[in-house]
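Q: Input: one structure, supplied below.
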Amino acid sequence: MEVGFPVSSPGDFESVQTIARTIKNSRVCGLARCVEKDIDVAAESLKVAEAFRIHTFIATSPMHIATKLRSTLDEVIERAVYMVKRARNYTDDVEFSCEDAGRTPIEDLARVVEAAINAGARTINIPDTVGYTMPFEFSRIITGLYDRVPNIDKAIISVHTHDDLGLAVGNAIAAVHAGARQVEGAMNGIGERAGNCSLEEVIMAIKVRKDIMNVHTRINHHEIWRTSQTVSQICNMPIPANKAIVGTGAFAHSSGIHQDGVLKNRENYEIMTPESIGLNQVQLNLTSRSGRAAVKHRMEEMGYQESDYNMDQLYDAFLKLADKKGQVFDYDLEAL
């Protein structure tokens with residue numbers, strides 16, 4: 001559970017420390033650049049935790065090394081090794097990230113990863129920092145590391161993806177399929193620029209497609225809806241209606257054909273149930289595309305019997321109203 005960047009500000013230090021002191025039955029992680037002060041401050045903020053991890057990182061792509069760090073790959077490797085060892089003085093759980101790994105040549109990446117593992121990193125994180133990589137490329141990066149790094153079995157491979165091209169979840173899933181065993185992301189996909197990988201989408205993709213993923217998580221997926229809503233409210237970031245998994249339209253059906261199919265068997269048009277994420281009902285949006293079956297179903301839910309109204313007249317009136325206002329609600333049906 002990565003909870004902040006302690007050296008970045010007094011507020012971040014305090015929040016990391018508070019979370020570390022409060023959270024139980026979970027390993028709390030703090031972020032640190034490959035800088036001595038960063039690592040020391042991270043350790044200071046985390047030492048009150050039951051168990052903690054220090055996650056340190058440095059850029060490895062030629063562009064970042066040349067223009068941001070003004071350094072060389074050999075110097076980057078030397079610095080990474082030193083800082084991983086420094087972090088190991090505080091905890092045996094150290095994660096190391098190769099920033100901009102998606103634009104780092106595989107041979108260079110393999111050299112850095114091997115050195116970091118030898119220095120004591122237990123988790124190696126491969127970030128697509130700028131959301132540049134395609135899923136088939138990201139998969140090749142992961143398999144390339146397994147092929148080239150002789151001590152790769154001594155670490156867990158993690159991935160950290162961004163959504164600049166809308167591929168954060170696709171890249172994460174491709175990486176897991178290729179052998180990664182940790183995915184870094186955030187609920188609702190919040191994060192830098194276009195956002196991070198949406199954890200709820202990764203969780204449900206793995207669950208729904210367990211036939212080909214061959215992995216599982218111990219995450220309680222029944223808490224996804226409630227957690228998503230909480231994050232949205234705290235961050236003051238509304239969830240788009242068409243957001244996968246947690247959008248208000250994710251389980252809403254407005255096409256008459258779909259509504260009829262769902263009423264007969266939900267699996268006709270739903271690959272997961274609302275209940276699986278903690279939502280207790282399927283939503284049928286009544287629009288001009290809705291069929292008689294959907295209108296009848298809603299009337300039954302409202303407590304009406306077929307003998308209480310004329311279906312032909314009701315449906316004709318419903319269609320005229322739906323053409324005018326778009327979505328028809330329960331109070332509209334009451335009025336009709």
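As shown in the structure tokens, the chain order sets the letters A, B, ...; within each chain, residues go from 1, and ligands are also counted from 1 in the order they appear.
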Residues at most 10 Å from segment 317-328 of chain A, counting only C-alpha atoms, excluding those fewer than 5 positions away in the same chain, as an NGL selection string?
A: :A and (254 or 285-292 or 295 or 311-312 or 333 or 336)
Q: Keeping C-alpha atoms, export the residues of the selection given above as a short mmCIF file (atom, residue, chain, number, x, y, z; two decimals), in the first residue's frame.
A:
data_model
loop_
_atom_site.label_atom_id
_atom_site.label_comp_id
_atom_site.auth_asym_id
_atom_site.auth_seq_id
_atom_site.Cartn_x
_atom_site.Cartn_y
_atom_site.Cartn_z
CA SER A 254 -31.30 1.14 -22.59
CA ASN A 285 -32.75 2.92 -18.40
CA LEU A 286 -36.15 3.47 -19.99
CA THR A 287 -35.68 5.34 -23.28
CA SER A 288 -37.30 5.35 -26.72
CA ARG A 289 -35.21 2.25 -27.48
CA SER A 290 -36.76 0.29 -24.62
CA GLY A 291 -39.16 -2.49 -25.43
CA ARG A 292 -42.44 -3.55 -23.88
CA VAL A 295 -41.61 -1.16 -19.34
CA MET A 311 -50.25 -2.05 -21.83
CA ASP A 312 -50.89 -0.93 -25.41
CA LEU A 333 -44.83 6.15 -15.56
CA LEU A 336 -48.95 8.09 -17.60
#
Q: DSSP on the backbone: which residues in segment 140-237 of chain A end up as strand (DSSP E or B)? Give the answer as a list in words.
A: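 Across segment 140-237 of chain A, those assigned strand (DSSP E or B) are Ile156, Ile157, Ser158, Val159, His160, Thr161, His162, Gln182, Val183, Glu184, Ala186, Asn196 and Ser198 of chain A.
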Q: Would you kindly return, as a list in words, each protein, DNA or RNA residue with an atom no farther than 9 Å from any atom of Ile54 of chain A, considering only C-alpha atoms and excluding same-chain residues fewer than 3 positions away?
A: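 The contact residues come out as Val28, Cys29, Gly30, Leu31, Ala32, Ile39, Ala42, Ala43, Leu46, Ala87, Arg88, Tyr90, Thr91, Asp93, Val94, Glu95 and Phe96 of chain A.
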Q: Kindly save the residues from that selection, with N, CA and C atoms included, as a PDB file, in the first residue's frame.
A:
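Output contents, as saved in selection-v3.pdb:
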ATOM      1  N   VAL A  28       2.924  -0.943   4.595  1.00  0.00           N
ATOM      2  CA  VAL A  28       2.832   0.444   4.145  1.00  0.00           C
ATOM      3  C   VAL A  28       4.133   0.835   3.454  1.00  0.00           C
ATOM      4  N   CYS A  29       3.999   1.519   2.315  1.00  0.00           N
ATOM      5  CA  CYS A  29       5.164   1.854   1.492  1.00  0.00           C
ATOM      6  C   CYS A  29       5.265   3.360   1.281  1.00  0.00           C
ATOM      7  N   GLY A  30       6.505   3.864   1.303  1.00  0.00           N
ATOM      8  CA  GLY A  30       6.762   5.266   1.002  1.00  0.00           C
ATOM      9  C   GLY A  30       7.707   5.379  -0.180  1.00  0.00           C
ATOM     10  N   LEU A  31       7.519   6.421  -0.978  1.00  0.00           N
ATOM     11  CA  LEU A  31       8.316   6.624  -2.189  1.00  0.00           C
ATOM     12  C   LEU A  31       9.542   7.485  -1.889  1.00  0.00           C
ATOM     13  N   ALA A  32      10.642   7.196  -2.595  1.00  0.00           N
ATOM     14  CA  ALA A  32      11.878   7.961  -2.410  1.00  0.00           C
ATOM     15  C   ALA A  32      12.699   7.931  -3.688  1.00  0.00           C
ATOM     16  N   ILE A  39      15.540   8.669   1.162  1.00  0.00           N
ATOM     17  CA  ILE A  39      15.432   7.345   1.770  1.00  0.00           C
ATOM     18  C   ILE A  39      15.400   7.452   3.284  1.00  0.00           C
ATOM     19  N   ALA A  42      11.998   8.848   4.326  1.00  0.00           N
ATOM     20  CA  ALA A  42      10.968   7.818   4.144  1.00  0.00           C
ATOM     21  C   ALA A  42      10.996   6.826   5.298  1.00  0.00           C
ATOM     22  N   ALA A  43      12.192   6.388   5.664  1.00  0.00           N
ATOM     23  CA  ALA A  43      12.328   5.433   6.768  1.00  0.00           C
ATOM     24  C   ALA A  43      11.827   6.026   8.079  1.00  0.00           C
ATOM     25  N   LEU A  46       8.050   6.010   8.190  1.00  0.00           N
ATOM     26  CA  LEU A  46       7.443   4.681   8.132  1.00  0.00           C
ATOM     27  C   LEU A  46       7.750   3.803   9.342  1.00  0.00           C
ATOM     28  N   ALA A  87      18.597   1.701   1.605  1.00  0.00           N
ATOM     29  CA  ALA A  87      17.228   1.408   2.034  1.00  0.00           C
ATOM     30  C   ALA A  87      17.158   0.090   2.792  1.00  0.00           C
ATOM     31  N   ARG A  88      17.980  -0.867   2.385  1.00  0.00           N
ATOM     32  CA  ARG A  88      17.998  -2.171   3.068  1.00  0.00           C
ATOM     33  C   ARG A  88      18.495  -2.054   4.506  1.00  0.00           C
ATOM     34  N   TYR A  90      17.292  -0.090   6.539  1.00  0.00           N
ATOM     35  CA  TYR A  90      16.086   0.221   7.313  1.00  0.00           C
ATOM     36  C   TYR A  90      15.038  -0.887   7.252  1.00  0.00           C
ATOM     37  N   THR A  91      15.000  -1.627   6.159  1.00  0.00           N
ATOM     38  CA  THR A  91      13.981  -2.666   5.977  1.00  0.00           C
ATOM     39  C   THR A  91      14.467  -3.695   4.967  1.00  0.00           C
ATOM     40  N   ASP A  93      12.438  -5.032   2.964  1.00  0.00           N
ATOM     41  CA  ASP A  93      11.476  -4.942   1.861  1.00  0.00           C
ATOM     42  C   ASP A  93      11.726  -3.652   1.079  1.00  0.00           C
ATOM     43  N   VAL A  94      12.495  -3.768   0.015  1.00  0.00           N
ATOM     44  CA  VAL A  94      12.838  -2.611  -0.816  1.00  0.00           C
ATOM     45  C   VAL A  94      12.347  -2.856  -2.239  1.00  0.00           C
ATOM     46  N   GLU A  95      11.667  -1.856  -2.777  1.00  0.00           N
ATOM     47  CA  GLU A  95      11.231  -1.900  -4.172  1.00  0.00           C
ATOM     48  C   GLU A  95      12.053  -0.892  -4.968  1.00  0.00           C
ATOM     49  N   PHE A  96      12.450  -1.302  -6.167  1.00  0.00           N
ATOM     50  CA  PHE A  96      13.222  -0.409  -7.033  1.00  0.00           C
ATOM     51  C   PHE A  96      12.509  -0.232  -8.361  1.00  0.00           C
TER      52      PHE A  96
END
Q: Compare A:Lys47, A:Arg79, A:Arg193, A:Lys207 by their minimum atom-to-atom distance to Phe13 of chain A, counting only C-alpha atoms, and give me the closest one.
A: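 Closest to Phe13 of chain A of all the choices is A:Lys47.
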Q: Near Leu167 of chain A, within 8 Å and counting only C-alpha atoms, which residues show up once chain neighbours fewer than 6 positions away are dropped, as a PyMOL selection string?
A: chain A and resi 131+134-135
Q: Name the residues in contact with Asn214 of chain A at a cut-off of 12 Å, using only C-alpha atoms, excluding same-chain residues fewer than 3 positions from it; report them as a list of chain:residue names.
A: A:Ile173, A:Val176, A:His177, A:Ala178, A:Gly179, A:Arg181, A:Ala205, A:Ile206, A:Lys207, A:Val208, A:Arg209, A:Lys210, A:Asp211, A:Thr217
Q: What's around Ile141 of chain A at 10 Å? Count only C-alpha atoms, leave out sequence neighbours fewer than 5 positions away in its own chain, and write the answer as a list in words.
A: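 Final neighbour list, sorted by chain and number: Ala101, Gly102, Thr104, Pro105, Ile106, Leu109, Ala110, Ile126, Thr133, Pro135, Phe136, Tyr146, Asp147, Ala175 and Ala178 of chain A.
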Q: Please report the interatomic distance between atom CA of Thr248 of chain A and atom CA of Ile190 of chain A in Å with one decimal.
A: 17.4 Å
Q: Write down as a ChimeraX atom specification the residues of segment 18-237 of chain A whose backbone DSSP state falls under alpha helix (DSSP H).
A: /A:18-22,36-46,62-63,73-88,106-119,135-148,168-178,199-208,210-213,224-235
Q: So which one's closest to Ala51 of chain A, A:Asn236, A:Ser26, A:Asn151, A:Thr230? Using only C-alpha atoms, please.
A: A:Ser26
Q: So how many Å separate atom CA of Asp74 of chain A and atom CA of Ala59 of chain A, to one decimal?
A: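 Between atom CA of Asp74 of chain A and atom CA of Ala59 of chain A the gap works out to 12.3 Å.
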Q: Expressed in Å to a single decimal, how great is the separation between atom CA of Thr129 of chain A and atom CA of Cys197 of chain A?
A: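 About the pair atom CA of Thr129 of chain A and atom CA of Cys197 of chain A: they are 11.3 Å apart.
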Q: Rank A:Ala186, A:Met302, A:Ala172, A:Ile19 by their smallest atom-to-atom distance to Gly4 of chain A, using only C-alpha atoms, and report the top residue only.
A: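 Result for the nearest residue to Gly4 of chain A: A:Ile19.
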Q: Could you check the closest approach to Met83 of chain A for each of A:Val231, A:Met204, A:Ile58, A:Ile157 and tell me which residue wins, using only C-alpha atoms?
A: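 Closest to Met83 of chain A, using only C-alpha atoms: A:Ile58.
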